[in-house]
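Novice: Okay, handing you the structure first.
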Amino acid sequence: MTAATTPKDPKAPPLPFGSITAARVGASFLGIAETTGGMGILLGRCLARLVRGRFDGQELWKNLYKMAVKSLPIVVVTAVFTGAIMVIQAAVIVKRYNAESMIGGGAGFGTLREIAPLLTALMMSGRVGANNTAELGTMVVTEQLDALRVLAIDAISFLILPRFIAITLTLFMMTLFADAIALVGAAYTAQGLLKVDPQTFFNGLTTGIFNLGFGDVANGLFKSFLFGLLIALASCYFGLATKGGAPGVGRAVNAQVVASAAGVFVIDYLVSFLLG
(Lines give C-alpha, C1' and ligand atoms only; values in the text may rest on other atoms or scores of the structure.)
Protein backbone atom coordinates (compact mmCIF):
# COMPACT_ATOMS: atom_id res chain seq x y z
CA MET A 1 0.00 0.00 0.00
CA THR A 2 1.49 3.37 -1.02
CA ALA A 3 1.84 6.37 1.23
CA ALA A 4 -0.94 8.16 -0.65
CA THR A 5 -3.43 5.43 0.22
CA THR A 6 -2.27 4.64 3.74
CA PRO A 7 -5.19 5.12 6.16
CA LYS A 8 -4.83 7.50 9.04
CA ASP A 9 -3.40 5.91 12.15
CA PRO A 10 -6.26 5.62 14.69
CA LYS A 11 -3.74 6.05 17.51
CA ALA A 12 -2.44 9.34 16.10
CA PRO A 13 -3.07 12.32 18.41
CA PRO A 14 -5.99 14.56 17.39
CA LEU A 15 -5.38 18.01 16.01
CA PRO A 16 -5.25 20.79 18.59
CA PHE A 17 -8.55 22.48 19.25
CA GLY A 18 -7.11 25.82 18.18
CA SER A 19 -6.13 24.42 14.78
CA ILE A 20 -9.67 23.14 14.16
CA THR A 21 -11.17 26.48 15.17
CA ALA A 22 -8.75 28.41 12.97
CA ALA A 23 -9.54 26.13 10.03
CA ARG A 24 -13.27 26.65 10.47
CA VAL A 25 -12.91 30.42 10.78
CA GLY A 26 -10.72 30.50 7.69
CA ALA A 27 -13.17 28.37 5.73
CA SER A 28 -16.02 30.68 6.80
CA PHE A 29 -14.13 33.77 5.63
CA LEU A 30 -13.29 32.10 2.32
CA GLY A 31 -16.96 31.17 1.86
CA ILE A 32 -18.07 34.74 2.59
CA ALA A 33 -15.44 36.09 0.20
CA GLU A 34 -16.53 33.67 -2.53
CA THR A 35 -20.20 34.61 -2.09
CA THR A 36 -19.45 38.34 -2.02
CA GLY A 37 -17.26 38.09 -5.12
CA GLY A 38 -19.84 36.04 -6.97
CA MET A 39 -22.58 38.53 -6.14
CA GLY A 40 -20.33 41.38 -7.26
CA ILE A 41 -19.67 39.70 -10.60
CA LEU A 42 -23.39 39.04 -11.07
CA LEU A 43 -24.14 42.70 -10.27
CA GLY A 44 -21.61 43.82 -12.87
CA ARG A 45 -23.16 41.57 -15.52
CA CYS A 46 -26.66 42.83 -14.72
CA LEU A 47 -25.60 46.49 -14.82
CA ALA A 48 -23.80 46.00 -18.14
CA ARG A 49 -26.97 44.66 -19.73
CA LEU A 50 -29.18 47.23 -17.99
CA VAL A 51 -27.15 50.13 -19.42
CA ARG A 52 -27.59 48.70 -22.91
CA GLY A 53 -31.28 47.98 -22.33
CA ARG A 54 -30.83 44.26 -22.90
CA PHE A 55 -33.61 42.66 -20.87
CA ASP A 56 -36.94 41.01 -21.56
CA GLY A 57 -39.73 43.53 -20.95
CA GLN A 58 -42.50 40.94 -20.87
CA GLU A 59 -40.63 38.92 -18.26
CA LEU A 60 -40.15 42.10 -16.21
CA TRP A 61 -43.88 42.91 -16.16
CA LYS A 62 -44.73 39.31 -15.30
CA ASN A 63 -42.36 39.37 -12.34
CA LEU A 64 -43.57 42.77 -11.17
CA TYR A 65 -47.11 41.43 -11.03
CA LYS A 66 -46.04 38.25 -9.25
CA MET A 67 -43.72 39.97 -6.78
CA ALA A 68 -45.34 43.37 -6.18
CA VAL A 69 -49.07 43.06 -6.75
CA LYS A 70 -49.40 39.67 -5.09
CA SER A 71 -47.28 40.80 -2.14
CA LEU A 72 -49.52 43.78 -1.38
CA PRO A 73 -51.97 41.98 0.99
CA ILE A 74 -49.24 40.65 3.29
CA VAL A 75 -47.47 44.03 3.24
CA VAL A 76 -50.71 45.75 4.25
CA VAL A 77 -51.25 43.38 7.17
CA THR A 78 -47.62 43.69 8.29
CA ALA A 79 -47.68 47.49 8.05
CA VAL A 80 -50.93 47.89 10.01
CA PHE A 81 -49.62 45.84 12.91
CA THR A 82 -46.21 47.54 12.69
CA GLY A 83 -47.83 50.93 13.28
CA ALA A 84 -50.02 49.52 16.04
CA ILE A 85 -47.04 47.97 17.83
CA MET A 86 -45.11 51.25 17.71
CA VAL A 87 -47.99 53.01 19.46
CA ILE A 88 -48.42 50.24 22.03
CA GLN A 89 -44.73 50.39 22.95
CA ALA A 90 -44.81 54.19 23.25
CA ALA A 91 -48.12 54.31 25.14
CA VAL A 92 -46.52 53.62 28.54
CA ILE A 93 -44.16 56.62 28.31
CA VAL A 94 -46.82 58.84 26.77
CA LYS A 95 -49.27 58.15 29.60
CA ARG A 96 -46.58 58.58 32.26
CA TYR A 97 -45.68 62.10 31.10
CA ASN A 98 -49.09 63.10 29.68
CA ALA A 99 -47.46 63.69 26.28
CA GLU A 100 -50.26 62.46 24.03
CA SER A 101 -49.51 65.17 21.46
CA MET A 102 -46.06 63.62 20.86
CA ILE A 103 -47.27 60.11 20.08
CA GLY A 104 -47.46 60.88 16.34
CA GLY A 105 -43.88 62.09 16.10
CA GLY A 106 -42.53 59.27 18.25
CA ALA A 107 -44.30 56.51 16.34
CA GLY A 108 -43.66 58.13 12.96
CA PHE A 109 -39.94 58.63 13.55
CA GLY A 110 -39.27 54.97 14.25
CA THR A 111 -41.69 53.75 11.58
CA LEU A 112 -40.49 55.87 8.65
CA ARG A 113 -36.77 55.67 9.28
CA GLU A 114 -36.37 52.16 10.60
CA ILE A 115 -39.19 49.71 11.28
CA ALA A 116 -41.23 49.90 8.07
CA PRO A 117 -38.25 49.49 5.68
CA LEU A 118 -36.68 46.78 7.85
CA LEU A 119 -39.77 44.61 8.36
CA THR A 120 -40.83 45.03 4.74
CA ALA A 121 -37.39 43.90 3.59
CA LEU A 122 -37.47 40.82 5.81
CA MET A 123 -40.98 39.99 4.61
CA MET A 124 -39.94 40.38 0.95
CA SER A 125 -36.83 38.29 1.55
CA GLY A 126 -38.94 35.44 2.88
CA ARG A 127 -41.66 35.64 0.27
CA VAL A 128 -40.11 37.00 -2.93
CA GLY A 129 -36.42 36.24 -2.47
CA ALA A 130 -36.92 32.64 -1.38
CA ASN A 131 -39.38 31.99 -4.20
CA ASN A 132 -36.99 33.46 -6.76
CA THR A 133 -34.10 31.34 -5.48
CA ALA A 134 -36.24 28.19 -5.60
CA GLU A 135 -37.36 28.90 -9.18
CA LEU A 136 -33.86 29.60 -10.46
CA GLY A 137 -32.41 26.67 -8.52
CA THR A 138 -34.99 24.31 -10.00
CA MET A 139 -34.15 25.59 -13.49
CA VAL A 140 -30.46 24.93 -12.83
CA VAL A 141 -30.84 21.37 -11.51
CA THR A 142 -33.29 20.45 -14.31
CA GLU A 143 -30.85 21.89 -16.91
CA GLN A 144 -33.30 24.48 -18.21
CA LEU A 145 -30.59 27.15 -18.13
CA ASP A 146 -28.34 24.86 -20.17
CA ALA A 147 -31.15 24.59 -22.71
CA LEU A 148 -31.27 28.40 -22.95
CA ARG A 149 -27.54 28.49 -23.67
CA VAL A 150 -27.96 25.83 -26.38
CA LEU A 151 -30.61 28.07 -27.98
CA ALA A 152 -28.17 31.04 -27.78
CA ILE A 153 -30.43 32.88 -25.30
CA ASP A 154 -28.65 35.05 -22.75
CA ALA A 155 -29.93 33.81 -19.37
CA ILE A 156 -28.90 37.05 -17.63
CA SER A 157 -30.94 39.23 -20.01
CA PHE A 158 -33.90 36.88 -20.23
CA LEU A 159 -34.23 35.58 -16.66
CA ILE A 160 -31.94 37.28 -14.16
CA LEU A 161 -32.07 40.99 -14.99
CA PRO A 162 -35.91 41.22 -15.12
CA ARG A 163 -36.07 39.54 -11.70
CA PHE A 164 -33.29 41.77 -10.37
CA ILE A 165 -35.16 44.92 -11.46
CA ALA A 166 -38.51 43.59 -10.27
CA ILE A 167 -37.29 42.74 -6.75
CA THR A 168 -35.55 46.12 -6.33
CA LEU A 169 -38.59 48.09 -7.52
CA THR A 170 -40.96 45.90 -5.53
CA LEU A 171 -39.21 46.55 -2.23
CA PHE A 172 -39.03 50.29 -2.91
CA MET A 173 -42.73 50.50 -3.76
CA MET A 174 -43.81 48.23 -0.92
CA THR A 175 -41.92 50.43 1.53
CA LEU A 176 -43.90 53.45 0.31
CA PHE A 177 -47.13 51.55 0.91
CA ALA A 178 -45.89 50.27 4.26
CA ASP A 179 -44.99 53.79 5.44
CA ALA A 180 -48.45 55.17 4.65
CA ILE A 181 -50.41 52.19 5.97
CA ALA A 182 -48.31 51.90 9.14
CA LEU A 183 -48.99 55.55 9.98
CA VAL A 184 -52.72 55.04 9.47
CA GLY A 185 -52.64 51.93 11.66
CA ALA A 186 -50.68 53.84 14.30
CA ALA A 187 -53.09 56.79 14.22
CA TYR A 188 -56.18 54.69 14.82
CA THR A 189 -54.45 52.55 17.41
CA ALA A 190 -53.55 55.76 19.26
CA GLN A 191 -57.18 56.83 19.04
CA GLY A 192 -58.35 53.53 20.50
CA LEU A 193 -55.73 53.25 23.27
CA LEU A 194 -54.93 56.84 24.17
CA LYS A 195 -57.99 58.72 22.92
CA VAL A 196 -55.71 60.78 20.66
CA ASP A 197 -57.55 62.24 17.68
CA PRO A 198 -56.02 61.17 14.30
CA GLN A 199 -55.63 64.83 13.33
CA THR A 200 -53.57 65.42 16.49
CA PHE A 201 -51.54 62.33 15.69
CA PHE A 202 -50.68 63.49 12.16
CA ASN A 203 -49.98 67.04 13.34
CA GLY A 204 -47.44 65.57 15.73
CA LEU A 205 -45.47 64.21 12.78
CA THR A 206 -44.38 67.65 11.60
CA THR A 207 -44.41 69.64 14.83
CA GLY A 208 -42.71 69.39 18.20
CA ILE A 209 -39.31 67.91 18.87
CA PHE A 210 -39.48 65.31 16.08
CA ASN A 211 -40.52 67.61 13.20
CA LEU A 212 -40.36 64.88 10.60
CA GLY A 213 -39.81 65.90 7.00
CA PHE A 214 -38.90 64.56 3.57
CA GLY A 215 -35.41 63.63 4.77
CA ASP A 216 -36.82 61.10 7.23
CA VAL A 217 -38.93 59.47 4.54
CA ALA A 218 -36.00 59.52 2.10
CA ASN A 219 -33.78 57.87 4.71
CA GLY A 220 -36.09 54.87 4.92
CA LEU A 221 -36.58 54.72 1.15
CA PHE A 222 -32.82 54.80 0.54
CA LYS A 223 -32.45 51.87 2.93
CA SER A 224 -35.23 50.00 1.12
CA PHE A 225 -33.46 50.53 -2.22
CA LEU A 226 -30.24 49.04 -0.84
CA PHE A 227 -32.19 46.21 0.80
CA GLY A 228 -33.81 45.49 -2.56
CA LEU A 229 -30.45 45.36 -4.33
CA LEU A 230 -29.12 42.94 -1.72
CA ILE A 231 -32.14 40.62 -1.76
CA ALA A 232 -32.21 40.62 -5.59
CA LEU A 233 -28.52 39.78 -5.80
CA ALA A 234 -28.63 37.13 -3.08
CA SER A 235 -31.71 35.37 -4.46
CA CYS A 236 -30.36 35.29 -8.02
CA TYR A 237 -26.83 34.30 -6.99
CA PHE A 238 -27.84 31.42 -4.73
CA GLY A 239 -30.37 30.26 -7.30
CA LEU A 240 -27.74 30.12 -10.04
CA ALA A 241 -25.21 28.46 -7.71
CA THR A 242 -27.58 25.60 -6.83
CA LYS A 243 -26.18 22.10 -7.16
CA GLY A 244 -27.16 18.68 -5.85
CA GLY A 245 -30.71 18.18 -7.09
CA ALA A 246 -33.79 18.83 -4.97
CA PRO A 247 -31.87 18.91 -1.64
CA GLY A 248 -29.59 21.50 -3.19
CA VAL A 249 -32.56 23.73 -3.95
CA GLY A 250 -33.54 23.61 -0.29
CA ARG A 251 -30.00 24.47 0.80
CA ALA A 252 -29.88 27.37 -1.66
CA VAL A 253 -33.15 28.81 -0.35
CA ASN A 254 -31.95 28.49 3.22
CA ALA A 255 -28.64 30.19 2.38
CA GLN A 256 -30.44 33.01 0.60
CA VAL A 257 -32.75 33.74 3.51
CA VAL A 258 -29.88 33.75 6.02
CA ALA A 259 -27.58 35.86 3.84
CA SER A 260 -30.32 38.37 3.00
CA ALA A 261 -31.42 38.78 6.62
CA ALA A 262 -27.85 39.23 7.85
CA GLY A 263 -27.05 41.62 5.02
CA VAL A 264 -30.16 43.71 5.67
CA PHE A 265 -29.15 44.27 9.29
CA VAL A 266 -25.56 45.12 8.32
CA ILE A 267 -26.70 47.64 5.69
CA ASP A 268 -29.24 49.09 8.10
CA TYR A 269 -26.54 49.66 10.70
CA LEU A 270 -24.11 51.22 8.21
CA VAL A 271 -26.67 53.57 6.68
CA SER A 272 -28.00 54.58 10.10
CA PHE A 273 -24.45 55.21 11.36
CA LEU A 274 -23.37 57.21 8.29
CA LEU A 275 -26.55 59.17 7.57
CA GLY A 276 -27.95 59.40 11.11
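Here, A, B, ... name the chains of the C-alpha coordinates in the order displayed, residue numbers run from 1 inside each chain, and ligands are numbered from 1 in the same displayed order.
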Neighbours of Thr36 (chain A) within 10 Å (only C-alpha atoms; same-chain residues fewer than 4 positions away dropped), as number ranges by chain?
Specialist: A: 30-32, 40-42, 233-234, 237
Novice: Write to file, as a short mmCIF file (atom, residue, chain, number, x, y, z; two decimals), in the first residue's frame, the residues of the selection just made, with all heavy atoms.
Specialist:
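And here is the file that came out, out-v9.cif:
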data_model
loop_
_atom_site.label_atom_id
_atom_site.label_comp_id
_atom_site.auth_asym_id
_atom_site.auth_seq_id
_atom_site.Cartn_x
_atom_site.Cartn_y
_atom_site.Cartn_z
N LEU A 30 -13.42 32.40 3.75
CA LEU A 30 -13.29 32.10 2.32
C LEU A 30 -14.67 31.96 1.67
O LEU A 30 -14.88 32.40 0.54
CB LEU A 30 -12.47 30.83 2.13
CG LEU A 30 -10.97 30.94 2.41
CD1 LEU A 30 -10.30 29.58 2.28
CD2 LEU A 30 -10.32 31.95 1.46
N GLY A 31 -15.61 31.31 2.39
CA GLY A 31 -16.96 31.17 1.86
C GLY A 31 -17.65 32.51 1.69
O GLY A 31 -18.31 32.76 0.67
N ILE A 32 -17.48 33.39 2.69
CA ILE A 32 -18.07 34.74 2.59
C ILE A 32 -17.46 35.50 1.44
O ILE A 32 -18.15 36.20 0.67
CB ILE A 32 -17.89 35.49 3.92
CG1 ILE A 32 -18.70 34.81 5.03
CG2 ILE A 32 -18.30 36.95 3.77
CD1 ILE A 32 -18.45 35.39 6.41
N GLY A 40 -20.86 40.21 -6.59
CA GLY A 40 -20.33 41.38 -7.26
C GLY A 40 -20.22 41.18 -8.76
O GLY A 40 -20.54 42.08 -9.55
N ILE A 41 -19.76 40.00 -9.16
CA ILE A 41 -19.67 39.70 -10.60
C ILE A 41 -21.05 39.69 -11.24
O ILE A 41 -21.26 40.24 -12.34
CB ILE A 41 -18.96 38.35 -10.82
CG1 ILE A 41 -17.49 38.46 -10.39
CG2 ILE A 41 -19.07 37.91 -12.27
CD1 ILE A 41 -16.76 37.14 -10.37
N LEU A 42 -22.01 39.08 -10.55
CA LEU A 42 -23.39 39.04 -11.07
C LEU A 42 -23.95 40.46 -11.18
O LEU A 42 -24.63 40.78 -12.18
CB LEU A 42 -24.27 38.19 -10.15
CG LEU A 42 -25.73 38.05 -10.56
CD1 LEU A 42 -25.85 37.40 -11.94
CD2 LEU A 42 -26.51 37.23 -9.54
N LEU A 233 -29.79 40.43 -5.52
CA LEU A 233 -28.52 39.78 -5.80
C LEU A 233 -28.41 38.42 -5.12
O LEU A 233 -28.00 37.43 -5.74
CB LEU A 233 -27.36 40.67 -5.34
CG LEU A 233 -26.92 41.79 -6.29
CD1 LEU A 233 -25.84 42.63 -5.63
CD2 LEU A 233 -26.42 41.21 -7.60
N ALA A 234 -28.76 38.38 -3.83
CA ALA A 234 -28.63 37.13 -3.08
C ALA A 234 -29.53 36.04 -3.65
O ALA A 234 -29.10 34.89 -3.82
CB ALA A 234 -28.96 37.37 -1.60
N TYR A 237 -28.13 34.98 -7.09
CA TYR A 237 -26.83 34.30 -6.99
C TYR A 237 -26.99 32.89 -6.44
O TYR A 237 -26.45 31.92 -7.01
CB TYR A 237 -25.88 35.11 -6.11
CG TYR A 237 -24.62 34.36 -5.77
CD1 TYR A 237 -23.59 34.25 -6.70
CD2 TYR A 237 -24.47 33.72 -4.54
CE1 TYR A 237 -22.44 33.54 -6.41
CE2 TYR A 237 -23.31 33.01 -4.24
CZ TYR A 237 -22.30 32.92 -5.17
OH TYR A 237 -21.17 32.21 -4.89
#
Novice: Each residue of region 153-231 of chain A with at least one atom at most 12 Å from region 93-100 of chain A should appear once, together with its nearest atom pair and the corresponding distance in Å (one decimal); atoms considered: only C-alpha atoms; ordering: chain, then increasing residue number; output as a tab-separated table.
Specialist:
residue	atom	partner	partner_atom	distance
A:Ala187	CA	A:Glu100	CA	11.7
A:Ala190	CA	A:Glu100	CA	8.9
A:Gln191	CA	A:Glu100	CA	10.2
A:Leu193	CA	A:Lys95	CA	10.3
A:Leu194	CA	A:Glu100	CA	7.3
A:Lys195	CA	A:Glu100	CA	8.7
A:Val196	CA	A:Glu100	CA	6.6
A:Asp197	CA	A:Glu100	CA	9.7
A:Pro198	CA	A:Glu100	CA	11.4
A:Thr200	CA	A:Glu100	CA	8.8
A:Phe201	CA	A:Glu100	CA	8.4
A:Phe202	CA	A:Glu100	CA	11.9
A:Asn203	CA	A:Glu100	CA	11.6
A:Gly204	CA	A:Glu100	CA	9.3
A:Gly208	CA	A:Ala99	CA	11.0
A:Ile209	CA	A:Ala99	CA	11.8
Novice: What are the closest atom pairs, with distances in Å to one decimal, for each residue of region 177-268 of chain A lying within 6 Å of region 102-119 of chain A, using only C-alpha atoms, rows by chain and rising residue number, as CSV?
Specialist:
residue,atom,partner,partner_atom,distance
A:Asp179,CA,A:Leu112,CA,5.9
A:Phe201,CA,A:Gly104,CA,4.4
A:Phe202,CA,A:Gly104,CA,5.9
A:Gly204,CA,A:Gly104,CA,4.7
A:Leu205,CA,A:Gly105,CA,4.2
A:Phe210,CA,A:Gly105,CA,5.5
A:Asp216,CA,A:Arg113,CA,5.8
A:Val217,CA,A:Leu112,CA,5.7
A:Asn219,CA,A:Arg113,CA,5.9
A:Gly220,CA,A:Arg113,CA,4.5
A:Ser224,CA,A:Pro117,CA,5.5
Novice: Restricting it to N, CA and C atoms, dump the selection as a short mmCIF file (atom, residue, chain, number, x, y, z; two decimals), in the first residue's frame.
Specialist:
data_model
loop_
_atom_site.label_atom_id
_atom_site.label_comp_id
_atom_site.auth_asym_id
_atom_site.auth_seq_id
_atom_site.Cartn_x
_atom_site.Cartn_y
_atom_site.Cartn_z
N ASP A 179 -45.08 52.54 4.68
CA ASP A 179 -44.99 53.79 5.44
C ASP A 179 -46.38 54.40 5.66
N PHE A 201 -52.63 63.26 15.96
CA PHE A 201 -51.54 62.33 15.69
C PHE A 201 -50.73 62.79 14.48
N PHE A 202 -51.40 63.10 13.38
CA PHE A 202 -50.68 63.49 12.16
C PHE A 202 -50.03 64.86 12.30
N GLY A 204 -48.65 65.83 14.96
CA GLY A 204 -47.44 65.57 15.73
C GLY A 204 -46.27 65.09 14.89
N LEU A 205 -46.55 64.65 13.65
CA LEU A 205 -45.47 64.21 12.78
C LEU A 205 -44.56 65.35 12.35
N PHE A 210 -39.84 66.23 17.16
CA PHE A 210 -39.48 65.31 16.08
C PHE A 210 -39.44 66.03 14.74
N ASP A 216 -36.56 62.32 6.46
CA ASP A 216 -36.82 61.10 7.23
C ASP A 216 -37.43 60.02 6.36
N VAL A 217 -38.34 60.44 5.47
CA VAL A 217 -38.93 59.47 4.54
C VAL A 217 -37.86 58.97 3.56
N ASN A 219 -34.71 58.75 4.01
CA ASN A 219 -33.78 57.87 4.71
C ASN A 219 -34.25 56.43 4.65
N GLY A 220 -35.53 56.22 4.97
CA GLY A 220 -36.09 54.87 4.92
C GLY A 220 -36.17 54.32 3.51
N SER A 224 -34.45 51.02 1.82
CA SER A 224 -35.23 50.00 1.12
C SER A 224 -34.64 49.71 -0.26
#
Novice: Select, from A:Cys46, A:Ala178, A:Ala147, A:Val69, the residue with the minimum atom-to-atom distance to Phe81 (chain A), counting only C-alpha atoms.
Specialist: A:Ala178
Novice: So, counting only C-alpha atoms, which residue among A:Leu159, A:Leu212, A:Met124, A:Ala180 is closest to Cys236 (chain A)?
Specialist: A:Leu159
